[in-house]
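Below is query23.cif, which holds mmCIF, C-alpha atoms (C1' of nucleotides).
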data_input
loop_
_atom_site.label_atom_id
_atom_site.label_comp_id
_atom_site.auth_asym_id
_atom_site.auth_seq_id
_atom_site.Cartn_x
_atom_site.Cartn_y
_atom_site.Cartn_z
CA MET A 1500 -15.92 49.49 -3.83
CA THR A 1501 -15.15 51.32 -0.65
CA ARG A 1502 -16.40 49.75 2.55
CA VAL A 1503 -17.67 51.50 5.65
CA ARG A 1504 -16.41 50.55 9.09
CA ALA A 1505 -18.91 49.94 11.83
CA GLY A 1506 -16.62 51.32 14.53
CA LEU A 1507 -17.36 48.71 17.15
CA THR A 1508 -15.85 48.56 20.59
CA THR A 1509 -16.16 45.98 23.32
CA GLU A 1510 -18.61 48.22 25.13
CA ARG A 1511 -20.79 48.71 22.11
CA VAL A 1512 -20.84 44.99 21.40
CA VAL A 1513 -21.80 44.14 24.97
CA GLN A 1514 -24.48 46.82 24.97
CA ALA A 1515 -25.94 45.42 21.76
CA GLY A 1516 -25.74 41.96 23.30
CA ALA A 1517 -27.75 43.15 26.28
CA GLU A 1518 -30.44 44.56 24.00
CA LEU A 1519 -30.48 41.33 22.05
CA ALA A 1520 -30.90 39.40 25.29
CA ASP A 1521 -33.90 41.53 26.24
CA GLU A 1522 -35.51 40.90 22.87
CA LEU A 1523 -34.82 37.20 22.34
CA GLY A 1524 -33.86 35.91 25.78
CA PHE A 1525 -30.42 35.60 27.30
CA GLU A 1526 -29.90 32.00 26.25
CA ARG A 1527 -30.53 32.93 22.63
CA VAL A 1528 -27.76 35.49 22.49
CA THR A 1529 -25.50 34.19 19.78
CA PRO A 1530 -22.48 35.64 17.98
CA THR A 1531 -24.19 35.05 14.65
CA GLU A 1532 -27.31 37.02 15.55
CA LEU A 1533 -25.37 39.70 17.40
CA ALA A 1534 -23.13 40.25 14.38
CA ARG A 1535 -26.23 40.65 12.21
CA ARG A 1536 -27.46 43.38 14.56
CA CYS A 1537 -24.12 45.13 14.53
CA GLY A 1538 -23.97 45.09 10.73
CA VAL A 1539 -20.80 43.03 10.75
CA ARG A 1540 -19.73 39.47 9.90
CA THR A 1541 -19.65 37.01 12.75
CA ALA A 1542 -15.88 36.61 12.84
CA SER A 1543 -15.42 40.35 13.34
CA LEU A 1544 -16.94 40.23 16.80
CA TYR A 1545 -14.01 38.20 18.01
CA ALA A 1546 -11.83 41.29 17.86
CA HIS A 1547 -13.87 42.76 20.72
CA VAL A 1548 -14.98 39.73 22.70
CA LYS A 1549 -13.03 36.54 23.32
CA SER A 1550 -15.86 34.05 23.00
CA LEU A 1551 -19.55 33.55 23.58
CA GLN A 1552 -18.72 32.73 27.19
CA ASP A 1553 -16.85 36.01 27.49
CA LEU A 1554 -19.74 37.92 25.90
CA LYS A 1555 -22.28 36.41 28.27
CA THR A 1556 -20.08 37.12 31.25
CA ARG A 1557 -19.79 40.76 30.22
CA ILE A 1558 -23.54 41.07 29.73
CA ALA A 1559 -24.03 39.58 33.19
CA LEU A 1560 -21.59 42.06 34.73
CA LEU A 1561 -23.29 44.94 32.94
CA ALA A 1562 -26.68 43.86 34.23
CA LEU A 1563 -25.40 43.48 37.78
CA GLU A 1564 -23.94 47.01 37.61
CA GLU A 1565 -27.10 48.54 36.22
CA LEU A 1566 -29.25 46.83 38.79
CA ALA A 1567 -26.96 47.80 41.66
CA ASP A 1568 -26.87 51.42 40.47
CA ALA A 1569 -30.64 51.58 40.24
CA ALA A 1570 -31.02 50.00 43.67
CA ALA A 1571 -28.51 52.34 45.25
CA ALA A 1572 -30.33 55.35 43.83
CA ALA A 1573 -33.70 54.08 45.03
CA LEU A 1574 -32.36 53.33 48.49
CA ALA A 1575 -30.96 56.82 49.11
CA GLY A 1576 -32.71 58.48 52.04
CA ARG A 1577 -34.99 55.56 52.78
CA ALA A 1578 -35.16 53.16 55.71
CA GLY A 1579 -37.34 50.37 57.07
CA ARG A 1580 -40.27 49.24 54.97
CA ASP A 1581 -39.67 52.07 52.51
CA ALA A 1582 -36.16 50.88 51.81
CA LEU A 1583 -37.25 47.26 51.53
CA ALA A 1584 -40.00 48.10 49.07
CA ALA A 1585 -37.77 50.41 47.05
CA PHE A 1586 -35.12 47.74 46.66
CA ALA A 1587 -37.58 45.00 45.82
CA ASP A 1588 -39.42 47.22 43.34
CA VAL A 1589 -36.22 48.08 41.55
CA CYS A 1590 -35.46 44.39 41.08
CA ARG A 1591 -38.93 43.59 39.84
CA ASP A 1592 -39.09 46.56 37.49
CA TYR A 1593 -35.67 45.80 36.11
CA ALA A 1594 -36.67 42.20 35.41
CA ARG A 1595 -39.80 43.35 33.61
CA GLN A 1596 -38.11 45.99 31.51
CA HIS A 1597 -34.97 43.96 30.85
CA PRO A 1598 -35.85 40.29 31.08
CA GLY A 1599 -32.75 39.17 29.20
CA ARG A 1600 -30.45 41.21 31.36
CA TYR A 1601 -32.18 39.96 34.49
CA ALA A 1602 -31.67 36.40 33.31
CA ALA A 1603 -28.02 37.27 32.70
CA THR A 1604 -27.85 38.20 36.36
CA GLN A 1605 -28.16 34.51 37.20
CA PHE A 1606 -25.38 33.48 34.84
CA ARG A 1607 -22.80 31.38 36.66
CA LEU A 1608 -19.66 33.49 37.06
CA ASP A 1609 -16.41 32.01 38.22
CA PRO A 1610 -15.73 32.96 41.86
CA ASP A 1611 -13.03 35.55 41.13
CA THR A 1612 -15.17 37.36 38.59
CA ALA A 1613 -18.15 37.27 40.94
CA ALA A 1614 -16.07 38.66 43.79
CA ASP A 1615 -15.14 41.68 41.67
CA SER A 1616 -18.67 42.19 40.39
CA ALA A 1617 -21.51 44.38 41.54
CA ALA A 1618 -23.00 41.28 43.17
CA VAL A 1619 -21.19 42.22 46.37
CA ARG A 1620 -22.93 45.62 46.32
CA HIS A 1621 -26.24 43.78 46.25
CA SER A 1622 -25.58 41.89 49.44
CA LEU A 1623 -24.19 45.02 51.09
CA MET A 1624 -27.39 46.85 50.22
CA LEU A 1625 -29.52 44.06 51.63
CA ARG A 1626 -27.54 44.22 54.86
CA ALA A 1627 -27.98 47.99 54.90
CA ILE A 1628 -31.74 47.66 54.53
CA LEU A 1629 -31.77 45.37 57.55
CA ARG A 1630 -30.13 48.08 59.65
CA GLY A 1631 -33.63 49.51 59.86
CA TYR A 1632 -34.73 46.40 61.70
CA ASP A 1633 -33.54 45.25 65.07
CA LEU A 1634 -31.73 42.07 64.15
CA ALA A 1635 -28.54 40.68 65.67
CA GLU A 1636 -26.39 37.98 64.09
CA PRO A 1637 -27.05 35.34 62.98
CA ASP A 1638 -30.60 36.52 62.37
CA ARG A 1639 -29.36 39.32 60.16
CA THR A 1640 -27.66 36.88 57.81
CA HIS A 1641 -30.70 34.63 57.81
CA ALA A 1642 -32.77 37.67 56.88
CA VAL A 1643 -30.43 38.65 54.05
CA ARG A 1644 -30.83 35.19 52.60
CA LEU A 1645 -34.58 35.25 53.07
CA LEU A 1646 -34.97 38.58 51.31
CA GLY A 1647 -32.77 37.44 48.46
CA SER A 1648 -34.79 34.26 48.12
CA VAL A 1649 -38.18 35.93 48.13
CA ILE A 1650 -37.26 38.67 45.70
CA HIS A 1651 -35.42 36.40 43.31
CA GLY A 1652 -38.02 33.66 43.56
CA TYR A 1653 -40.96 35.97 43.08
CA VAL A 1654 -39.43 37.79 40.14
CA SER A 1655 -38.39 34.53 38.48
CA LEU A 1656 -41.77 32.91 38.83
CA GLU A 1657 -43.66 36.02 37.79
CA THR A 1658 -41.60 36.56 34.64
CA ALA A 1659 -41.87 32.85 33.83
CA GLY A 1660 -45.64 33.27 33.95
CA SER A 1661 -46.05 30.80 36.79
CA PHE A 1662 -48.58 33.02 38.51
CA SER A 1663 -51.63 32.35 36.39
CA HIS A 1664 -53.11 35.51 35.00
CA SER A 1665 -56.13 35.37 37.28
CA ALA A 1666 -57.27 37.19 40.38
CA PRO A 1667 -55.77 38.46 42.58
CA SER A 1668 -53.34 40.52 40.53
CA THR A 1669 -49.66 39.89 40.95
CA GLN A 1670 -49.31 43.52 41.96
CA ASP A 1671 -51.58 42.89 44.93
CA THR A 1672 -49.59 39.81 45.87
CA TRP A 1673 -46.41 41.84 45.62
CA VAL A 1674 -47.44 44.51 48.13
CA TRP A 1675 -49.01 41.86 50.36
CA THR A 1676 -45.71 40.01 50.34
CA LEU A 1677 -43.67 43.10 51.16
CA ASP A 1678 -46.05 43.99 53.99
CA ARG A 1679 -45.73 40.55 55.50
CA LEU A 1680 -41.99 40.49 55.11
CA ASP A 1681 -41.74 43.84 56.83
CA ALA A 1682 -43.90 42.61 59.69
CA LEU A 1683 -41.92 39.38 59.92
CA LEU A 1684 -38.68 41.32 60.30
CA ARG A 1685 -40.06 43.77 62.83
CA ASN A 1686 -41.61 41.22 65.18
CA ARG A 1687 -39.58 39.20 67.59
CA PRO A 1688 -40.07 35.49 67.06
CA ALA A 1689 -42.91 33.90 68.99
CA PRO A 1690 -41.78 31.49 71.76
CA MET B 496 -20.13 -9.04 11.84
CA THR B 497 -23.29 -9.41 13.86
CA ARG B 498 -24.47 -6.34 15.74
CA VAL B 499 -26.22 -6.16 19.09
CA ARG B 500 -29.31 -4.05 19.61
CA ALA B 501 -29.45 -1.71 22.55
CA GLY B 502 -33.20 -2.13 23.01
CA LEU B 503 -34.03 1.50 23.71
CA THR B 504 -37.45 2.89 24.39
CA THR B 505 -38.62 6.47 24.85
CA GLU B 506 -38.76 5.93 28.60
CA ARG B 507 -35.25 4.57 28.78
CA VAL B 508 -33.92 7.44 26.72
CA VAL B 509 -35.65 10.05 28.88
CA GLN B 510 -34.43 8.34 32.04
CA ALA B 511 -30.86 8.36 30.73
CA GLY B 512 -31.35 12.01 29.79
CA ALA B 513 -32.40 12.83 33.34
CA GLU B 514 -29.29 11.13 34.70
CA LEU B 515 -27.16 13.00 32.22
CA ALA B 516 -28.78 16.26 33.32
CA ASP B 517 -27.92 15.53 36.94
CA GLU B 518 -24.31 14.85 36.03
CA LEU B 519 -23.58 17.62 33.53
CA GLY B 520 -26.38 20.12 34.05
CA PHE B 521 -29.70 20.34 32.25
CA GLU B 522 -28.50 22.84 29.64
CA ARG B 523 -25.72 20.47 28.63
CA VAL B 524 -28.02 17.61 27.78
CA THR B 525 -27.32 16.96 24.13
CA PRO B 526 -28.39 14.22 21.73
CA THR B 527 -24.76 13.55 20.91
CA GLU B 528 -23.73 12.96 24.52
CA LEU B 529 -26.92 11.09 25.37
CA ALA B 530 -26.37 8.73 22.44
CA ARG B 531 -22.85 8.07 23.67
CA ARG B 532 -24.27 7.10 27.06
CA CYS B 533 -26.89 4.85 25.49
CA GLY B 534 -24.27 3.07 23.38
CA VAL B 535 -25.93 4.13 20.17
CA ARG B 536 -25.30 6.57 17.30
CA THR B 537 -26.87 9.98 17.58
CA ALA B 538 -29.36 9.54 14.77
CA SER B 539 -30.83 6.47 16.45
CA LEU B 540 -32.25 8.51 19.30
CA TYR B 541 -34.63 10.18 16.91
CA ALA B 542 -36.64 6.97 16.69
CA HIS B 543 -37.61 7.49 20.34
CA VAL B 544 -37.64 11.26 20.76
CA LYS B 545 -38.74 13.87 18.24
CA SER B 546 -36.07 16.48 18.90
CA LEU B 547 -33.90 17.99 21.59
CA GLN B 548 -36.84 20.20 22.53
CA ASP B 549 -39.00 17.10 22.90
CA LEU B 550 -36.35 15.36 24.99
CA LYS B 551 -36.00 18.30 27.35
CA THR B 552 -39.75 18.61 27.69
CA ARG B 553 -39.99 14.95 28.63
CA ILE B 554 -37.21 15.29 31.19
CA ALA B 555 -39.03 18.28 32.67
CA LEU B 556 -42.28 16.34 32.89
CA LEU B 557 -40.50 13.42 34.51
CA ALA B 558 -38.92 15.68 37.10
CA LEU B 559 -42.23 17.39 37.87
CA GLU B 560 -43.86 13.98 38.39
CA GLU B 561 -41.08 12.70 40.61
CA LEU B 562 -41.10 15.84 42.71
CA ALA B 563 -44.89 15.84 43.03
CA ASP B 564 -44.89 12.17 44.02
CA ALA B 565 -42.24 12.75 46.66
CA ALA B 566 -44.08 15.78 48.00
CA ALA B 567 -47.41 13.97 48.13
CA ALA B 568 -45.83 11.11 50.07
CA ALA B 569 -44.17 13.50 52.51
CA LEU B 570 -47.36 15.45 53.02
CA ALA B 571 -49.48 12.46 53.97
CA GLY B 572 -50.77 12.78 57.52
CA ARG B 573 -49.16 16.15 58.17
CA ALA B 574 -50.61 19.59 58.72
CA GLY B 575 -49.51 23.09 59.67
CA ARG B 576 -45.84 23.72 60.13
CA ASP B 577 -45.10 20.02 59.74
CA ALA B 578 -46.67 19.94 56.33
CA LEU B 579 -44.97 23.15 55.27
CA ALA B 580 -41.56 21.88 56.35
CA ALA B 581 -42.11 18.48 54.76
CA PHE B 582 -43.01 20.00 51.42
CA ALA B 583 -40.17 22.50 51.45
CA ASP B 584 -37.65 19.86 52.51
CA VAL B 585 -38.70 17.58 49.69
CA CYS B 586 -38.07 20.37 47.18
CA ARG B 587 -34.70 21.22 48.63
CA ASP B 588 -33.56 17.62 48.90
CA TYR B 589 -34.68 16.88 45.38
CA ALA B 590 -32.75 19.85 44.05
CA ARG B 591 -29.62 18.71 45.87
CA GLN B 592 -29.84 15.09 44.81
CA HIS B 593 -31.01 15.83 41.28
CA PRO B 594 -29.78 19.29 40.30
CA GLY B 595 -30.27 18.69 36.60
CA ARG B 596 -33.80 17.43 37.04
CA TYR B 597 -34.59 20.35 39.33
CA ALA B 598 -33.33 22.75 36.68
CA ALA B 599 -35.52 20.91 34.16
CA THR B 600 -38.44 21.79 36.41
CA GLN B 601 -38.02 25.40 35.35
CA PHE B 602 -37.96 24.58 31.65
CA ARG B 603 -40.54 26.64 29.79
CA LEU B 604 -43.38 24.35 28.74
CA ASP B 605 -46.06 25.45 26.35
CA PRO B 606 -49.30 26.18 28.21
CA ASP B 607 -51.14 23.02 27.12
CA THR B 608 -48.31 20.78 28.16
CA ALA B 609 -47.96 22.59 31.46
CA ALA B 610 -51.69 22.28 32.14
CA ASP B 611 -51.44 18.49 31.77
CA SER B 612 -48.29 18.22 33.84
CA ALA B 613 -47.68 17.52 37.49
CA ALA B 614 -47.20 21.26 37.95
CA VAL B 615 -50.87 21.56 38.79
CA ARG B 616 -50.43 19.01 41.59
CA HIS B 617 -47.77 21.27 43.04
CA SER B 618 -50.08 24.24 43.37
CA LEU B 619 -52.86 22.02 44.69
CA MET B 620 -50.50 20.74 47.36
CA LEU B 621 -49.49 24.27 48.33
CA ARG B 622 -53.16 25.20 48.68
CA ALA B 623 -53.70 22.07 50.76
CA ILE B 624 -50.86 23.01 53.09
CA LEU B 625 -52.50 26.37 53.63
CA ARG B 626 -55.68 24.68 54.84
CA GLY B 627 -53.81 24.31 58.10
CA TYR B 628 -53.70 28.09 58.41
CA ASP B 629 -56.67 30.37 58.80
CA LEU B 630 -56.52 32.28 55.53
CA ALA B 631 -59.42 33.48 53.40
CA GLU B 632 -59.14 34.59 49.78
CA PRO B 633 -57.34 36.50 48.45
CA ASP B 634 -54.79 35.95 51.22
CA ARG B 635 -54.65 32.27 50.49
CA THR B 636 -53.58 32.90 46.90
CA HIS B 637 -51.07 35.49 48.03
CA ALA B 638 -49.68 32.90 50.42
CA VAL B 639 -49.44 30.22 47.72
CA ARG B 640 -47.38 32.61 45.64
CA LEU B 641 -45.22 33.59 48.59
CA LEU B 642 -44.45 30.00 49.49
CA GLY B 643 -43.62 29.17 45.90
CA SER B 644 -41.34 32.18 45.68
CA VAL B 645 -39.46 31.49 48.89
CA ILE B 646 -38.93 27.80 48.24
CA HIS B 647 -37.95 28.23 44.62
CA GLY B 648 -35.81 31.27 45.31
CA TYR B 649 -34.00 29.70 48.23
CA VAL B 650 -33.32 26.44 46.45
CA SER B 651 -32.13 28.24 43.33
CA LEU B 652 -29.77 30.53 45.17
CA GLU B 653 -28.45 27.79 47.41
CA THR B 654 -27.71 25.40 44.54
CA ALA B 655 -26.14 28.28 42.60
CA GLY B 656 -23.80 28.80 45.53
CA SER B 657 -25.02 32.32 46.18
CA PHE B 658 -25.03 31.78 49.91
CA SER B 659 -21.36 32.03 50.67
CA HIS B 660 -20.04 29.01 52.48
CA SER B 661 -19.63 30.87 55.75
CA ALA B 662 -21.49 30.97 59.04
CA PRO B 663 -24.33 30.57 59.71
CA SER B 664 -24.92 27.33 57.86
CA THR B 665 -27.54 27.26 55.15
CA GLN B 666 -29.29 24.55 57.11
CA ASP B 667 -29.76 26.97 60.01
CA THR B 668 -31.09 29.61 57.65
CA TRP B 669 -33.47 27.06 56.18
CA VAL B 670 -35.14 26.17 59.48
CA TRP B 671 -35.12 29.81 60.53
CA THR B 672 -36.91 30.66 57.31
CA LEU B 673 -39.52 27.95 57.72
CA ASP B 674 -40.14 29.03 61.33
CA ARG B 675 -40.68 32.60 60.29
CA LEU B 676 -42.89 31.68 57.37
CA ASP B 677 -45.01 29.54 59.66
CA ALA B 678 -45.34 32.40 62.12
CA LEU B 679 -46.13 34.84 59.33
CA LEU B 680 -48.97 32.65 58.12
CA ARG B 681 -50.39 32.04 61.58
CA ASN B 682 -50.47 35.65 62.72
CA ARG B 683 -53.14 38.06 61.60
CA PRO B 684 -51.64 41.13 59.94
CA ALA B 685 -50.78 44.02 62.21
CA PRO B 686 -52.99 47.09 61.81
"C1'" DC C 842 -0.66 66.24 1.67
"C1'" DC C 843 1.89 61.55 1.74
"C1'" DG C 844 3.82 56.94 2.96
"C1'" DG C 845 3.91 53.57 6.24
"C1'" DA C 846 2.20 51.34 10.36
"C1'" DT C 847 -1.93 50.06 12.67
"C1'" DT C 848 -5.99 47.70 12.99
"C1'" DG C 849 -11.00 46.91 11.89
"C1'" DC C 850 -13.31 44.03 9.20
"C1'" DC C 851 -13.25 40.65 5.67
"C1'" DT C 852 -13.11 35.64 3.40
"C1'" DA C 853 -12.13 30.96 4.07
"C1'" DA C 854 -11.62 26.87 6.63
"C1'" DT C 855 -12.45 23.64 10.60
"C1'" DG C 856 -14.93 20.91 13.55
"C1'" DG C 857 -19.06 20.20 16.34
"C1'" DC C 858 -23.90 20.02 16.60
"C1'" DA C 859 -29.10 18.77 15.50
"C1'" DT C 860 -31.71 16.79 12.24
"C1'" DT C 861 -33.40 14.01 8.07
"C1'" DA C 862 -33.36 10.31 4.44
"C1'" DG C 863 -32.60 5.93 3.17
"C1'" DG C 864 -30.53 1.23 3.77
"C1'" DC C 865 -29.54 -3.04 6.02
"C1'" DA C 866 -29.85 -6.45 9.41
"C1'" DT C 867 -32.17 -8.25 13.39
"C1'" DG C 868 -35.91 -10.06 15.40
"C1'" DT C 869 -41.09 -11.80 14.80
"C1'" DA C 870 -45.24 -14.15 12.70
"C1'" DC C 871 -46.93 -17.26 9.69
"C1'" DG D 326 -38.23 -20.69 5.66
"C1'" DT D 327 -40.16 -16.76 3.79
"C1'" DA D 328 -42.09 -12.09 4.65
"C1'" DC D 329 -42.95 -8.27 7.34
"C1'" DA D 330 -41.81 -4.90 10.79
"C1'" DT D 331 -38.54 -2.14 12.96
"C1'" DG D 332 -34.14 -0.88 15.56
"C1'" DC D 333 -30.05 0.90 14.47
"C1'" DC D 334 -26.86 2.19 11.00
"C1'" DT D 335 -24.28 5.40 7.40
"C1'" DA D 336 -24.42 9.50 4.84
"C1'" DA D 337 -25.65 14.08 3.96
"C1'" DT D 338 -27.28 18.88 5.15
"C1'" DG D 339 -27.07 23.11 7.19
"C1'" DC D 340 -26.27 25.86 11.22
"C1'" DC D 341 -23.08 27.44 14.66
"C1'" DA D 342 -18.60 29.00 17.26
"C1'" DT D 343 -14.06 29.74 16.58
"C1'" DT D 344 -9.37 30.53 14.28
"C1'" DA D 345 -6.03 31.98 10.58
"C1'" DG D 346 -4.64 35.01 7.35
"C1'" DG D 347 -5.45 38.93 4.06
"C1'" DC D 348 -6.83 43.51 2.49
"C1'" DA D 349 -8.26 48.09 2.92
"C1'" DA D 350 -9.54 52.08 5.73
"C1'" DT D 351 -7.83 55.03 9.09
"C1'" DC D 352 -4.20 57.34 11.76
"C1'" DC D 353 0.29 59.72 12.32
"C1'" DG D 354 4.86 61.41 11.73
"C1'" DG D 355 7.07 63.78 7.99
#
Please, can you express the file's structure as structure tokens?
Amino acid sequence: MTRVRAGLTTERVVQAGAELADELGFERVTPTELARRCGVRTASLYAHVKSLQDLKTRIALLALEELADAAAAALAGRAGRDALAAFADVCRDYARQHPGRYAATQFRLDPDTAADSAAVRHSLMLRAILRGYDLAEPDRTHAVRLLGSVIHGYVSLETAGSFSHSAPSTQDTWVWTLDRLDALLRNRPAP
Amino acid sequence: MTRVRAGLTTERVVQAGAELADELGFERVTPTELARRCGVRTASLYAHVKSLQDLKTRIALLALEELADAAAAALAGRAGRDALAAFADVCRDYARQHPGRYAATQFRLDPDTAADSAAVRHSLMLRAILRGYDLAEPDRTHAVRLLGSVIHGYVSLETAGSFSHSAPSTQDTWVWTLDRLDALLRNRPAP
DNA sequence: CCGGATTGCCTAATGGCATTAGGCATGTAC
DNA sequence: GTACATGCCTAATGCCATTAGGCAATCCGG
């Protein structure tokens, strides 16, 4: 009885893990189920990935990269409200198309890993978007945090189904929100 | 050898579970560890709680109640920016003092359970806060969703440590954010 | 082609976990 | 003081993550 090798690599395993996360949810990614998908026994995964923790970390890093790449592409040649909307849309679309990967994005990384991750590109891009608005420090940092909060909060609540499926549509709320954020950033604070 | 009874009830178990969540994190709440804390063998918990799922659901419902009660108390006699800040502060403070319970707040409940939970009081309170601003539908609903997004997003990111511990302080960002949100809700949209 | 080194995947074992079944002892009511 | 109810127990099951060690498929120098 001659056996066939699956030919796995760390990359392939992590990729399959990301797909599994999108289908079942990030917290349900499990070596047992992932091995089933890869056509391999559970123990064999440990040749490519140190542990479940390691696997989840790698999925998180992959998701952060993908999201940062997509955002960078969408941001090219845009400024002001256009740039803001492009960035925010990329995040929302990514979360809808890849819910498990988006959830992975919030996985707690240890500080060193996080510092080397694409997470830093995200905050750099947010700062770049704010170049289109006339904000000095510390307002610029406040604004970075605000944008991060709104986008992350909105996307989390929407994907969790917290916005009841009634009128008005979440799409309408989304553009309304971006409009108001844009206005908020353009206007000087009232006295 | 005469044995002593612990005298557990469902309430006591859930309360201990909430404390455990705050200490170890909501996702690390486990019948085994909870039993240890209650001075009882693991199997004995199942007389008071149907399953781990049931336990987590009950912790989530407890947290939603506590948070809604605190918010309702803080909201009494306030309107406008005062009310907005009071509500938002209650959420942030609760998340800081009870991180595990706050995380439980985001636990996915089945729709029937959610409809009977204190979650509905939360959205009613948000709508009530917006009575202090001059918003007609659908803007009012948009604004409810925006407030929920900002508060939840900010609190999540701050507790996750996403706001690097550098200047300006997160407290400064918090009041800046509430100021700007208040202004955003008071001003009519620009043409 | 061929023999040996490499290594990808296997089986087997361990220990932890959630959950269920059934028993015994502790409290309660007559 | 006997009888019932029930709070907690021990024991067993089956799933999971992880590790150790073995075998066979591939690769590589002749």
Distance of CA of Tyr1593 in chain A from CA of Ser644 in chain B, expressed in Å to one decimal place
17.6 Å
Atom-to-atom span, CA of Ala1572 in chain A and CA of His1651 in chain A, Å:
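Computing it gives 19.6 Å between the two atoms.
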Output check: residues returned by the PyMOL selection byres ((chain A and resi 1527-1531) around 10), as a ChimeraX atom specification:
/A:1516-1526,1532-1536,1539-1545,1548,1550-1551,1554-1555,1599 /D:341-342
For chain A, which residues have at least one atom within 6 Å of chain B, if we go by all atoms listed in the file? Write them as a compact mmCIF listing (two decimals) with C-alpha atoms, in the coordinates of the input, please.
# COMPACT_ATOMS: atom_id res chain seq x y z
CA HIS A 1641 -30.70 34.63 57.81
CA SER A 1648 -34.79 34.26 48.12
CA VAL A 1649 -38.18 35.93 48.13
CA HIS A 1651 -35.42 36.40 43.31
CA GLY A 1652 -38.02 33.66 43.56
CA TYR A 1653 -40.96 35.97 43.08
CA THR A 1672 -49.59 39.81 45.87
Give me the residues of chain D that have any atom at most 10 Å from an atom of chain B; for each, the nearest atom pair and the distance in Å, rounded to one decimal. Use only C-alpha atoms (C1' of nucleotides), sort by chain and number, and format it as a Markdown table.
| residue | atom | partner | partner_atom | distance |
| --- | --- | --- | --- | --- |
| D:DG332 | C1' | B:Arg500 | CA | 7.1 |
| D:DC333 | C1' | B:Ser539 | CA | 6.0 |
| D:DC334 | C1' | B:Arg536 | CA | 7.8 |
| D:DT335 | C1' | B:Ala538 | CA | 9.9 |
Can you turn the PyMOL selection byres ((chain C) within 8 of (chain A)) into a concrete residue list for this file, as a ChimeraX atom specification?
/C:849-851
Export of the given selection (C-alpha atoms (C1' of nucleotides)) as a PDB file, in the coordinates of the input:
ATOM      1  C1'  DG C 849     -11.000  46.910  11.890  1.00  0.00           C
ATOM      2  C1'  DC C 850     -13.310  44.030   9.200  1.00  0.00           C
ATOM      3  C1'  DC C 851     -13.250  40.650   5.670  1.00  0.00           C
TER       4       DC C 851
END
Residues near DA330 in chain D, cut-off 12 Å, all atoms listed in the file, skip fewer than 2 positions along chain, as an MDAnalysis selection string
(chainID C and resid 867:870) or (chainID D and resid 328 332)
Select all residues near (-6.0, 56.3, 7.2) (cut-off 12 Å, inclusive, file coordinates), counting all atoms listed in the file, and output them as an MDAnalysis selection string.
(chainID C and resid 843:849) or (chainID D and resid 349:353)
Test item: axis-aligned box, all listed atoms of range 338-350 of chain D, 5 Å on each side, centre and edges in Å rounded to one decimal, as JSON:
{"center_x": -16.0, "center_y": 35.5, "center_z": 9.9, "size_x": 32.6, "size_y": 43.2, "size_z": 24.8}
Residue nearest Gly575 in chain B - candidates B:Arg507, B:Gly627, B:Asp677, B:Thr600, atoms counted: all atoms listed in the file
B:Gly627
DA862 in chain C environment, 10 Å, all atoms listed in the file, sequence neighbours closer than 2 positions dropped, as a ChimeraX atom specification:
/C:864 /D:336-337
Evaluate the PyMOL selection byres ((chain B and resi 625) around 9) on the structure here and hand back the selected residues as JSON, numbers by chain.
{"B": [574, 575, 579, 620, 621, 622, 623, 624, 626, 627, 628, 629, 630, 635, 638, 639, 680]}
How many Å lie between CA of Arg681 in chain B and CA of Leu570 in chain B, rounded to one decimal?
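Between CA of Arg681 in chain B and CA of Leu570 in chain B the gap is 18.9 Å.
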Range 1510-1518 of chain A rebuilt with N, CA and C atoms, output as an mmCIF file, keeping the file's coordinate frame:
data_model
loop_
_atom_site.group_PDB
_atom_site.id
_atom_site.type_symbol
_atom_site.label_atom_id
_atom_site.label_comp_id
_atom_site.auth_asym_id
_atom_site.auth_seq_id
_atom_site.Cartn_x
_atom_site.Cartn_y
_atom_site.Cartn_z
ATOM 1 N N GLU A 1510 -17.422 47.684 24.460
ATOM 2 C CA GLU A 1510 -18.610 48.220 25.130
ATOM 3 C C GLU A 1510 -19.845 48.202 24.251
ATOM 4 N N ARG A 1511 -19.657 48.657 23.024
ATOM 5 C CA ARG A 1511 -20.790 48.710 22.110
ATOM 6 C C ARG A 1511 -21.334 47.303 21.838
ATOM 7 N N VAL A 1512 -20.430 46.360 21.669
ATOM 8 C CA VAL A 1512 -20.840 44.990 21.400
ATOM 9 C C VAL A 1512 -21.631 44.431 22.584
ATOM 10 N N VAL A 1513 -21.122 44.665 23.789
ATOM 11 C CA VAL A 1513 -21.800 44.140 24.970
ATOM 12 C C VAL A 1513 -23.163 44.805 25.137
ATOM 13 N N GLN A 1514 -23.215 46.104 24.892
ATOM 14 C CA GLN A 1514 -24.480 46.820 24.970
ATOM 15 C C GLN A 1514 -25.495 46.226 23.991
ATOM 16 N N ALA A 1515 -25.051 46.020 22.757
ATOM 17 C CA ALA A 1515 -25.940 45.420 21.760
ATOM 18 C C ALA A 1515 -26.348 44.016 22.179
ATOM 19 N N GLY A 1516 -25.429 43.292 22.801
ATOM 20 C CA GLY A 1516 -25.740 41.960 23.300
ATOM 21 C C GLY A 1516 -26.816 41.999 24.374
ATOM 22 N N ALA A 1517 -26.748 43.001 25.231
ATOM 23 C CA ALA A 1517 -27.750 43.150 26.280
ATOM 24 C C ALA A 1517 -29.128 43.425 25.669
ATOM 25 N N GLU A 1518 -29.151 44.267 24.651
ATOM 26 C CA GLU A 1518 -30.440 44.560 24.000
ATOM 27 C C GLU A 1518 -30.976 43.312 23.310
#
